[in-house]
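Structure file data19.txt; described as compact mmCIF, C-alpha atoms.
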# COMPACT_ATOMS: atom_id res chain seq x y z
CA MET A 1 15.14 -4.72 14.86
CA CYS A 2 16.14 -8.08 13.44
CA LYS A 3 18.02 -7.42 10.20
CA ASP A 4 17.05 -10.75 8.66
CA CYS A 5 13.34 -10.61 8.92
CA GLY A 6 12.26 -7.16 10.05
CA CYS A 7 10.56 -8.37 13.20
CA SER A 8 10.76 -6.46 16.44
CA ILE A 9 12.73 -9.11 18.33
CA THR A 10 16.05 -7.44 18.96
CA HIS A 11 18.02 -10.38 20.36
CA ASP A 12 19.35 -13.13 18.11
CA HIS A 13 16.80 -15.67 17.03
CA ASP A 14 17.16 -18.27 14.33
CA HIS A 15 14.95 -18.78 11.34
CA THR A 16 15.33 -22.51 11.10
CA LEU A 17 13.24 -25.57 11.67
CA HIS A 18 12.52 -26.66 15.23
CA SER A 19 11.31 -30.06 16.24
CA ASN A 20 8.83 -30.26 19.04
CA PRO A 21 10.40 -32.72 21.52
CA GLN A 22 7.02 -33.90 22.74
CA LEU A 23 5.64 -34.85 19.36
CA ASN A 24 8.19 -36.12 16.90
CA ASP A 25 5.97 -35.82 13.87
CA LYS A 26 5.08 -32.18 14.44
CA LYS A 27 7.34 -29.43 13.33
CA THR A 28 7.16 -25.78 14.20
CA LEU A 29 8.62 -23.69 11.46
CA ALA A 30 9.59 -20.12 12.23
CA VAL A 31 9.12 -18.48 8.87
CA ILE A 32 8.86 -14.71 9.33
CA HIS A 33 7.89 -13.89 5.82
CA LYS A 34 6.03 -10.87 4.47
CA ILE A 35 2.64 -12.13 3.32
CA LEU A 36 2.75 -9.96 0.18
CA ASP A 37 6.36 -10.86 -0.57
CA LYS A 38 5.57 -12.07 -4.10
CA ASN A 39 3.82 -8.80 -4.90
CA ASP A 40 6.79 -6.84 -3.53
CA VAL A 41 9.21 -8.78 -5.75
CA GLU A 42 7.00 -8.08 -8.77
CA ALA A 43 6.79 -4.41 -7.76
CA GLN A 44 10.57 -4.18 -7.81
CA HIS A 45 10.55 -5.83 -11.23
CA ASN A 46 8.19 -3.06 -12.42
CA ARG A 47 10.47 -0.40 -10.94
CA ASP A 48 13.42 -1.94 -12.78
CA HIS A 49 11.38 -1.80 -15.99
CA PHE A 50 10.64 1.89 -15.42
CA ALA A 51 14.31 2.53 -14.64
CA ALA A 52 15.41 0.80 -17.85
CA HIS A 53 13.27 3.32 -19.75
CA GLN A 54 14.22 6.26 -17.51
CA VAL A 55 10.60 6.71 -16.51
CA SER A 56 9.39 7.95 -13.10
CA ALA A 57 6.22 6.33 -11.91
CA PHE A 58 3.57 7.79 -9.61
CA ASN A 59 0.72 5.86 -8.01
CA LEU A 60 -2.44 8.00 -7.73
CA MET A 61 -4.83 6.85 -5.03
CA SER A 62 -8.06 8.31 -3.64
CA SER A 63 -11.71 7.51 -3.15
CA PRO A 64 -13.87 7.33 -6.29
CA GLY A 65 -14.82 10.72 -7.67
CA SER A 66 -12.13 12.81 -6.04
CA GLY A 67 -10.76 13.90 -9.40
CA LYS A 68 -7.87 11.61 -10.36
CA THR A 69 -8.86 11.36 -14.02
CA SER A 70 -9.75 15.06 -14.30
CA LEU A 71 -6.35 15.94 -12.89
CA LEU A 72 -4.61 13.72 -15.44
CA GLU A 73 -6.76 15.14 -18.26
CA CYS A 74 -5.74 18.69 -17.40
CA LEU A 75 -2.14 18.12 -16.36
CA HIS A 76 -0.83 17.84 -19.91
CA GLU A 77 -1.51 21.55 -20.42
CA TYR A 78 0.95 22.35 -17.62
CA LEU A 79 3.48 19.51 -17.61
CA ASP A 80 6.29 19.53 -20.16
CA ALA A 81 7.21 15.95 -19.31
CA ARG A 82 5.53 13.40 -21.55
CA TYR A 83 3.37 10.96 -19.66
CA ALA A 84 1.43 7.74 -20.02
CA VAL A 85 -1.33 6.50 -17.74
CA ILE A 86 -2.30 3.04 -16.52
CA GLU A 87 -5.92 3.14 -15.43
CA GLY A 88 -7.50 0.77 -12.93
CA ASP A 89 -11.24 0.35 -12.57
CA LEU A 90 -13.59 -2.51 -11.80
CA GLU A 91 -15.51 -2.04 -15.03
CA THR A 92 -15.49 0.07 -18.24
CA SER A 93 -12.65 1.76 -20.11
CA ARG A 94 -14.25 5.17 -19.67
CA ASP A 95 -11.28 6.72 -17.86
CA ALA A 96 -8.74 5.57 -20.44
CA ASP A 97 -11.09 6.74 -23.22
CA ARG A 98 -11.28 10.20 -21.64
CA LEU A 99 -7.49 10.46 -21.56
CA ILE A 100 -6.99 9.04 -25.05
CA ALA A 101 -9.47 11.65 -26.32
CA LYS A 102 -7.06 14.29 -24.98
CA GLY A 103 -4.16 12.64 -26.82
CA ILE A 104 -2.72 11.01 -23.69
CA ASN A 105 -1.26 7.50 -23.98
CA ALA A 106 -3.47 5.43 -21.65
CA TYR A 107 -4.21 1.76 -21.03
CA GLN A 108 -7.15 0.50 -18.99
CA ILE A 109 -6.99 -2.42 -16.56
CA GLN A 110 -10.40 -3.82 -15.68
CA THR A 111 -10.01 -5.52 -12.32
CA GLY A 112 -13.42 -7.24 -12.32
CA SER A 113 -14.16 -7.44 -8.63
CA ALA A 114 -10.70 -6.60 -7.28
CA CYS A 115 -10.74 -3.44 -5.20
CA HIS A 116 -7.11 -2.48 -5.85
CA LEU A 117 -4.30 -2.82 -8.37
CA ASP A 118 -1.38 -5.07 -7.53
CA ALA A 119 2.09 -5.25 -9.04
CA PHE A 120 1.11 -8.17 -11.33
CA MET A 121 -1.77 -6.22 -12.90
CA VAL A 122 0.51 -3.23 -13.50
CA HIS A 123 3.11 -5.53 -15.05
CA GLY A 124 0.44 -6.86 -17.40
CA ALA A 125 -0.52 -3.31 -18.41
CA LEU A 126 3.12 -2.36 -19.03
CA HIS A 127 3.15 -4.85 -21.90
CA HIS A 128 0.65 -2.54 -23.62
CA ILE A 129 2.38 0.77 -22.93
CA ASN A 130 5.33 1.92 -25.00
CA LEU A 131 7.60 3.77 -22.56
CA ASP A 132 10.18 4.82 -25.16
CA ASN A 133 8.90 8.37 -25.53
CA VAL A 134 7.61 8.79 -22.01
CA ASP A 135 9.12 10.58 -18.97
CA ILE A 136 6.43 9.84 -16.39
CA CYS A 137 4.00 6.94 -15.99
CA PHE A 138 0.99 7.53 -13.77
CA VAL A 139 -0.85 4.57 -12.32
CA GLU A 140 -4.40 5.64 -11.52
CA ASN A 141 -5.43 3.10 -8.92
CA VAL A 142 -8.97 1.83 -8.28
CA GLY A 143 -10.96 4.49 -6.41
CA ASN A 144 -10.71 3.25 -2.83
CA LEU A 145 -9.07 4.71 0.29
CA VAL A 146 -8.46 1.32 1.92
CA CYS A 147 -7.20 -1.59 -0.15
CA PRO A 148 -4.73 0.03 -2.59
CA ALA A 149 -2.64 1.20 0.40
CA SER A 150 -1.51 -2.36 1.11
CA TYR A 151 -0.05 -2.99 -2.34
CA ASP A 152 3.24 -1.72 -3.75
CA VAL A 153 2.58 -1.57 -7.50
CA GLY A 154 6.16 -0.69 -8.42
CA THR A 155 5.87 3.08 -8.67
CA HIS A 156 8.35 5.48 -7.10
CA LYS A 157 5.99 7.73 -5.19
CA ASN A 158 2.45 7.57 -3.81
CA ILE A 159 0.14 10.51 -4.42
CA VAL A 160 -3.10 10.54 -2.42
CA LEU A 161 -5.92 12.85 -3.50
CA LEU A 162 -8.57 14.15 -1.14
CA SER A 163 -11.32 16.33 -2.58
CA VAL A 164 -12.88 19.17 -0.63
CA PRO A 165 -16.43 17.69 -0.61
CA GLU A 166 -15.13 14.50 1.06
CA GLY A 167 -14.14 16.38 4.21
CA ASP A 168 -10.87 16.85 6.11
CA ASP A 169 -11.76 14.01 8.52
CA LYS A 170 -10.86 11.38 5.91
CA ILE A 171 -7.20 11.59 6.89
CA GLU A 172 -7.97 10.42 10.41
CA LYS A 173 -10.49 7.84 9.17
CA TYR A 174 -8.15 6.23 6.62
CA PRO A 175 -4.78 6.47 8.36
CA VAL A 176 -3.00 3.69 6.45
CA MET A 177 -3.60 5.34 3.09
CA PHE A 178 -2.46 8.80 4.22
CA ARG A 179 0.53 7.35 6.03
CA ARG A 180 1.71 5.79 2.74
CA ALA A 181 1.50 9.10 0.83
CA ASP A 182 4.52 11.07 -0.36
CA LEU A 183 2.24 13.86 -1.54
CA VAL A 184 -1.35 14.67 -0.54
CA VAL A 185 -3.27 16.74 -3.08
CA ILE A 186 -6.40 18.49 -1.85
CA THR A 187 -8.50 18.67 -5.04
CA LYS A 188 -11.55 20.74 -6.04
CA SER A 189 -10.20 23.63 -3.99
CA ASP A 190 -12.56 25.98 -5.88
CA LEU A 191 -15.28 24.46 -3.65
CA LEU A 192 -13.60 25.49 -0.38
CA PRO A 193 -15.99 28.45 0.16
CA TYR A 194 -18.97 26.07 0.08
CA PHE A 195 -17.73 23.30 2.39
CA ASP A 196 -16.43 23.16 5.97
CA PHE A 197 -13.13 21.72 4.84
CA SER A 198 -10.24 23.05 6.90
CA ILE A 199 -6.80 22.92 5.29
CA ASP A 200 -5.25 23.56 8.73
CA GLU A 201 -7.11 20.58 10.19
CA ALA A 202 -5.91 18.41 7.29
CA LYS A 203 -2.34 19.54 7.99
CA ALA A 204 -2.74 18.86 11.72
CA GLN A 205 -3.99 15.33 11.06
CA LEU A 206 -1.20 14.63 8.59
CA SER A 207 1.43 15.80 11.07
CA LYS A 208 0.29 13.07 13.49
CA LEU A 209 0.48 10.34 10.87
CA ASN A 210 2.96 11.32 8.22
CA PRO A 211 4.90 14.46 9.17
CA ASP A 212 7.21 14.43 6.14
CA VAL A 213 4.41 14.38 3.57
CA GLU A 214 3.93 17.35 1.28
CA LEU A 215 0.52 18.95 0.79
CA LEU A 216 -0.72 20.84 -2.28
CA VAL A 217 -4.10 22.50 -2.69
CA VAL A 218 -5.26 22.24 -6.28
CA SER A 219 -8.19 22.90 -8.57
CA VAL A 220 -8.20 22.05 -12.27
CA LYS A 221 -9.99 25.40 -12.71
CA ASN A 222 -7.10 27.28 -11.13
CA PRO A 223 -4.14 27.32 -13.55
CA ASP A 224 -1.68 28.59 -10.92
CA SER A 225 -2.38 25.63 -8.64
CA MET A 226 -1.96 23.24 -11.60
CA LYS A 227 1.40 24.84 -12.42
CA VAL A 228 2.56 24.21 -8.84
CA LEU A 229 1.50 20.57 -9.13
CA ALA A 230 3.23 20.18 -12.50
CA THR A 231 6.42 21.62 -10.97
CA TRP A 232 6.17 19.14 -8.10
CA PHE A 233 6.13 16.24 -10.58
CA ASP A 234 9.05 17.74 -12.49
CA GLU A 235 11.07 18.11 -9.30
CA HIS A 236 10.30 14.61 -8.01
CA LYS A 237 11.26 12.57 -11.03
CA GLU A 238 13.37 9.57 -10.11
CA TYR A 239 14.10 6.16 -11.50
CA MET B 1 -12.08 -6.37 0.93
CA HIS B 2 -8.52 -7.06 -0.14
CA GLU B 3 -8.30 -9.54 2.73
CA TYR B 4 -9.30 -12.26 0.25
CA SER B 5 -6.34 -11.42 -2.01
CA ILE B 6 -4.05 -11.42 1.02
CA VAL B 7 -5.28 -14.83 2.13
CA MET B 8 -4.64 -16.18 -1.39
CA SER B 9 -1.01 -15.00 -1.13
CA LEU B 10 -0.79 -16.53 2.34
CA MET B 11 -2.14 -19.89 1.11
CA GLU B 12 0.41 -19.93 -1.71
CA GLN B 13 3.18 -19.42 0.83
CA CYS B 14 1.80 -22.15 3.09
CA GLU B 15 1.51 -24.60 0.18
CA ALA B 16 5.08 -23.88 -0.89
CA LEU B 17 6.46 -24.26 2.65
CA ALA B 18 4.48 -27.46 3.24
CA GLN B 19 5.89 -28.94 0.06
CA GLN B 20 9.41 -27.81 0.87
CA HIS B 21 9.26 -29.47 4.31
CA LYS B 22 7.30 -32.50 3.11
CA ALA B 23 4.43 -31.74 5.46
CA THR B 24 1.21 -33.66 5.07
CA ARG B 25 -0.92 -31.19 6.97
CA ILE B 26 -0.67 -27.73 8.47
CA GLU B 27 -2.03 -27.56 11.97
CA GLN B 28 -1.53 -23.91 12.80
CA VAL B 29 -0.73 -20.70 10.94
CA GLU B 30 0.49 -17.80 13.01
CA LEU B 31 0.46 -14.25 11.66
CA LYS B 32 1.56 -10.87 12.88
CA ILE B 33 -0.75 -8.13 11.65
CA GLY B 34 0.28 -4.55 12.32
CA VAL B 35 -2.44 -2.08 13.33
CA LEU B 36 -1.29 0.15 10.45
CA SER B 37 -0.89 -2.66 7.92
CA GLY B 38 -4.27 -1.88 6.37
CA VAL B 39 -5.74 -5.29 7.14
CA GLU B 40 -8.74 -6.01 9.32
CA PRO B 41 -8.02 -9.14 11.43
CA ALA B 42 -11.69 -10.21 11.63
CA LEU B 43 -12.08 -10.08 7.85
CA LEU B 44 -8.77 -11.87 7.40
CA SER B 45 -9.95 -14.70 9.69
CA LYS B 46 -13.17 -15.01 7.75
CA ALA B 47 -11.34 -15.13 4.44
CA PHE B 48 -8.94 -17.73 5.83
CA GLU B 49 -11.80 -19.97 6.99
CA THR B 50 -13.34 -19.78 3.50
CA PHE B 51 -10.22 -20.37 1.44
CA LYS B 52 -8.50 -22.95 3.63
CA LEU B 53 -10.96 -25.70 2.68
CA ASP B 54 -9.29 -26.28 -0.70
CA SER B 55 -5.74 -26.07 0.55
CA VAL B 56 -3.11 -27.75 2.68
CA CYS B 57 -4.40 -25.52 5.49
CA HIS B 58 -7.87 -27.13 5.48
CA GLU B 59 -7.57 -28.19 9.10
CA ALA B 60 -5.36 -25.34 10.21
CA ARG B 61 -6.07 -22.99 13.05
CA LEU B 62 -5.29 -19.35 12.36
CA VAL B 63 -3.62 -17.34 15.10
CA ILE B 64 -3.48 -13.60 14.52
CA ASN B 65 -1.25 -11.55 16.76
CA VAL B 66 -2.17 -7.91 16.38
CA GLN B 67 0.96 -5.81 16.54
CA PRO B 68 0.55 -2.30 18.00
CA LEU B 69 2.71 0.51 16.71
CA VAL B 70 6.19 0.63 18.17
CA LEU B 71 7.84 4.04 17.85
CA GLN B 72 11.43 5.06 18.27
CA CYS B 73 11.50 8.76 19.05
CA ASN B 74 14.28 10.69 17.34
CA HIS B 75 13.81 13.55 19.78
CA CYS B 76 13.73 12.02 23.28
CA GLU B 77 15.24 8.74 22.03
CA GLN B 78 12.72 6.64 23.96
CA GLN B 79 10.96 3.65 22.50
CA SER B 80 7.24 3.29 23.12
CA GLN B 81 4.22 1.29 22.12
CA VAL B 82 1.10 3.25 21.24
CA ASP B 83 -2.49 2.09 20.99
CA GLU B 84 -3.74 4.94 18.82
CA ARG B 85 -3.03 5.21 15.14
CA THR B 86 -0.59 8.05 15.46
CA ILE B 87 3.15 8.29 15.16
CA VAL B 88 3.43 11.03 17.80
CA CYS B 89 5.74 10.06 20.68
CA PRO B 90 3.57 9.64 23.82
CA ILE B 91 6.47 10.75 26.03
CA CYS B 92 7.61 14.04 24.47
CA GLN B 93 4.84 14.62 21.85
CA SER B 94 7.36 14.91 19.03
CA ASN B 95 6.34 13.64 15.59
CA LYS B 96 9.96 12.98 14.64
CA THR B 97 9.68 9.26 15.21
CA THR B 98 10.56 6.11 13.34
CA VAL B 99 7.96 3.37 13.19
CA ILE B 100 9.73 0.17 14.19
CA ASP B 101 6.78 -2.19 14.11
CA GLY B 102 3.06 -2.25 13.44
CA GLU B 103 2.92 -1.58 9.68
CA ASP B 104 3.59 -5.05 8.29
CA MET B 105 1.67 -8.25 7.81
CA MET B 106 3.89 -11.24 8.33
CA LEU B 107 3.61 -15.01 8.38
CA MET B 108 5.52 -15.86 11.57
CA GLN B 109 5.13 -19.56 12.24
CA LEU B 110 3.68 -22.77 10.88
CA VAL B 111 3.00 -25.90 12.88
CA MET B 112 2.93 -28.85 10.51
CA ASP B 113 2.69 -32.63 10.48
CA THR B 114 5.58 -34.24 8.67

Spell out the structure here as structure tokens.
Amino acid sequence: MCKDCGCSITHDHDHTLHSNPQLNDKKTLAVIHKILDKNDVEAQHNRDHFAAHQVSAFNLMSSPGSGKTSLLECLHEYLDARYAVIEGDLETSRDADRLIAKGINAYQIQTGSACHLDAFMVHGALHHINLDNVDICFVENVGNLVCPASYDVGTHKNIVLLSVPEGDDKIEKYPVMFRRADLVVITKSDLLPYFDFSIDEAKAQLSKLNPDVELLVVSVKNPDSMKVLATWFDEHKEY
Amino acid sequence: MHEYSIVMSLMEQCEALAQQHKATRIEQVELKIGVLSGVEPALLSKAFETFKLDSVCHEARLVINVQPLVLQCNHCEQQSQVDERTIVCPICQSNKTTVIDGEDMMLMQLVMDT
């Protein structure tokens, strides 16, 4: 792979301006530039900000209603680490309000019509979050299994939630999202007896897309599973 | 529908490059879109046609080269291109592979009038 630009051309190729000999006024410029380069630079800036405060950041992604906010509401009973939450939704501050009611430091981003958070929006939110007494910052992305996968928001790890009622086939249907995950959390596991969700099938699909990913099966109503999740966060802190 | 946001970023890059090279017009924009980049080429084209009207790309033709996954197998050490969205090596069926290409979205080339 070309070390300069990441393209698949293995032999030497230059990244400079070529003139077309047939038409002197036309120039073909080989650019080879990531389209979301600006976002990636901003994401690194966010990571530097987290590092300066010794905070590990986790990006929570899933479809709407799979239990991201519920998980964050309950996690503080099990996690010793102090955490803040940046919430992303199209409208309302309901999610942040729910967390604040539990005494959790939360800030809501309203994206309007944007279907995902990007690094610039998270940067904006970080101006409203005091990270001095915080060990972990969760970014709860907009509920969507497609768009958020394309954007690095400047967190250290991606957590993708999949709830039992959604079905195990979502992994195969939304491969980009599950490929980006460092941890997949199957939520609402207390509903497993009532749905045809196969944990083995979920594992089989993940092994074809993202073999190094970890998988946890969790229900907020099952304290033991929440303890395992809390331990995972404790053991994966980095900055 | 994040294709609109992606096109906005692309237009910004095109504007900056046009200015840098003193181009008066961009004739062609060539992209490489990986099958696992999370972007739908048809939607991207549509977004480009909408947004280009107010930009230096207003007469530009968009060329999208869809990049299949290219895998380097860490088990049989063969390189292969796969059409499915899987990282399993088609030769030895191992999932210990490294994805070499097919996950990025890149601006590759601009043809411009100077």

Go through chain A residue by residue and, counting only C-alpha atoms, keep those with an atom at most 8 Å from chain B; for each kept residue give the shortest atom pair and its distance in Å to one decimal, ordered by chain and increasing number, as a Markdown table.
| residue | atom | partner | partner_atom | distance |
| --- | --- | --- | --- | --- |
| A:Met1 | CA | B:Ile100 | CA | 7.3 |
| A:Cys7 | CA | B:Asp101 | CA | 7.3 |
| A:Ser8 | CA | B:Asp101 | CA | 6.3 |
| A:Asp25 | CA | B:Thr114 | CA | 5.4 |
| A:Lys26 | CA | B:Asp113 | CA | 4.6 |
| A:Lys27 | CA | B:Met112 | CA | 5.3 |
| A:Thr28 | CA | B:Val111 | CA | 4.4 |
| A:Leu29 | CA | B:Leu110 | CA | 5.1 |
| A:Ala30 | CA | B:Gln109 | CA | 4.5 |
| A:Val31 | CA | B:Met108 | CA | 5.2 |
| A:Ile32 | CA | B:Met108 | CA | 4.2 |
| A:His33 | CA | B:Leu107 | CA | 5.1 |
| A:Lys34 | CA | B:Met106 | CA | 4.4 |
| A:Ile35 | CA | B:Met106 | CA | 5.2 |
| A:Leu36 | CA | B:Ser9 | CA | 6.4 |
| A:Lys38 | CA | B:Ser9 | CA | 7.8 |
| A:Ala114 | CA | B:His2 | CA | 7.5 |
| A:Cys115 | CA | B:His2 | CA | 6.6 |
| A:His116 | CA | B:His2 | CA | 7.5 |
| A:Val146 | CA | B:Gly38 | CA | 6.9 |
| A:Cys147 | CA | B:His2 | CA | 5.6 |
| A:Ala149 | CA | B:Gly38 | CA | 6.9 |
| A:Ser150 | CA | B:Gly38 | CA | 6.0 |
| A:Pro175 | CA | B:Arg85 | CA | 7.1 |
| A:Val176 | CA | B:Leu36 | CA | 5.6 |
| A:Met177 | CA | B:Gly38 | CA | 8.0 |
| A:Ser207 | CA | B:Asn95 | CA | 7.0 |
| A:Lys208 | CA | B:Thr86 | CA | 5.5 |
| A:Leu209 | CA | B:Thr86 | CA | 5.2 |
| A:Asn210 | CA | B:Ile87 | CA | 7.6 |
| A:Pro211 | CA | B:Asn95 | CA | 6.6 |

Around the point (-12.3, -18.8, 6.7) in the file's coordinates, collect all residues with an atom within 12 Å, using only C-alpha atoms, and return them as a list in words. Glu3, Tyr4, Val7, Met8, Met11, Pro41, Ala42, Leu43, Leu44, Ser45, Lys46, Ala47, Phe48, Glu49, Thr50, Phe51, Lys52, Leu53, Asp54, Ser55, Cys57, His58, Glu59, Ala60, Arg61 and Leu62 of chain B

Next, dump the selected residues to file, keeping only C-alpha atoms, as a PDB file, in the coordinates of the input.
ATOM      1  CA  GLU B   3      -8.300  -9.540   2.730  1.00  0.00           C
ATOM      2  CA  TYR B   4      -9.300 -12.260   0.250  1.00  0.00           C
ATOM      3  CA  VAL B   7      -5.280 -14.830   2.130  1.00  0.00           C
ATOM      4  CA  MET B   8      -4.640 -16.180  -1.390  1.00  0.00           C
ATOM      5  CA  MET B  11      -2.140 -19.890   1.110  1.00  0.00           C
ATOM      6  CA  PRO B  41      -8.020  -9.140  11.430  1.00  0.00           C
ATOM      7  CA  ALA B  42     -11.690 -10.210  11.630  1.00  0.00           C
ATOM      8  CA  LEU B  43     -12.080 -10.080   7.850  1.00  0.00           C
ATOM      9  CA  LEU B  44      -8.770 -11.870   7.400  1.00  0.00           C
ATOM     10  CA  SER B  45      -9.950 -14.700   9.690  1.00  0.00           C
ATOM     11  CA  LYS B  46     -13.170 -15.010   7.750  1.00  0.00           C
ATOM     12  CA  ALA B  47     -11.340 -15.130   4.440  1.00  0.00           C
ATOM     13  CA  PHE B  48      -8.940 -17.730   5.830  1.00  0.00           C
ATOM     14  CA  GLU B  49     -11.800 -19.970   6.990  1.00  0.00           C
ATOM     15  CA  THR B  50     -13.340 -19.780   3.500  1.00  0.00           C
ATOM     16  CA  PHE B  51     -10.220 -20.370   1.440  1.00  0.00           C
ATOM     17  CA  LYS B  52      -8.500 -22.950   3.630  1.00  0.00           C
ATOM     18  CA  LEU B  53     -10.960 -25.700   2.680  1.00  0.00           C
ATOM     19  CA  ASP B  54      -9.290 -26.280  -0.700  1.00  0.00           C
ATOM     20  CA  SER B  55      -5.740 -26.070   0.550  1.00  0.00           C
ATOM     21  CA  CYS B  57      -4.400 -25.520   5.490  1.00  0.00           C
ATOM     22  CA  HIS B  58      -7.870 -27.130   5.480  1.00  0.00           C
ATOM     23  CA  GLU B  59      -7.570 -28.190   9.100  1.00  0.00           C
ATOM     24  CA  ALA B  60      -5.360 -25.340  10.210  1.00  0.00           C
ATOM     25  CA  ARG B  61      -6.070 -22.990  13.050  1.00  0.00           C
ATOM     26  CA  LEU B  62      -5.290 -19.350  12.360  1.00  0.00           C
TER      27      LEU B  62
END

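Taking atom CA of Asn130 of chain A and atom CA of Glu235 of chain A as the two end points, the separation is 23.3 Å.
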
Between atom CA of Ser63 of chain A and atom CA of Glu140 of chain A, what is the distance, to one decimal in Å?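 Distance between the two atoms: 11.3 Å.
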
Atom pair atom CA of Glu238 of chain A + atom CA of Gln205 of chain A, distance 28.0 Å

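Counting all atoms listed in the file, the residue from B:Val56, B:Val63, B:Cys92, B:Val99 that sits nearest to His75 of chain B is B:Cys92.
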
Determine the nearest neighbour of His49 of chain A from the options A:Thr155, A:Ser66, A:Ser163, A:Gln108, counting only C-alpha atoms.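 Checking each of A:Thr155, A:Ser66, A:Ser163, A:Gln108 against His49 of chain A, counting only C-alpha atoms, the winner is A:Thr155.
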
Could I get segment 66-77 of chain A from the block written as an mmCIF file, in the first residue's frame, with C-alpha atoms?
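Output saved as part_7.cif:
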data_model
loop_
_atom_site.group_PDB
_atom_site.id
_atom_site.type_symbol
_atom_site.label_atom_id
_atom_site.label_comp_id
_atom_site.auth_asym_id
_atom_site.auth_seq_id
_atom_site.Cartn_x
_atom_site.Cartn_y
_atom_site.Cartn_z
ATOM 1 C CA SER A 66 -31.971 -0.089 21.571
ATOM 2 C CA GLY A 67 -31.245 1.183 25.071
ATOM 3 C CA LYS A 68 -28.249 3.534 24.934
ATOM 4 C CA THR A 69 -29.706 6.051 27.382
ATOM 5 C CA SER A 70 -31.096 3.370 29.709
ATOM 6 C CA LEU A 71 -27.674 1.756 29.832
ATOM 7 C CA LEU A 72 -26.044 5.076 30.734
ATOM 8 C CA GLU A 73 -28.732 5.779 33.344
ATOM 9 C CA CYS A 74 -28.062 2.473 35.091
ATOM 10 C CA LEU A 75 -24.311 2.219 34.623
ATOM 11 C CA HIS A 76 -23.496 4.670 37.413
ATOM 12 C CA GLU A 77 -24.707 2.121 39.960
#
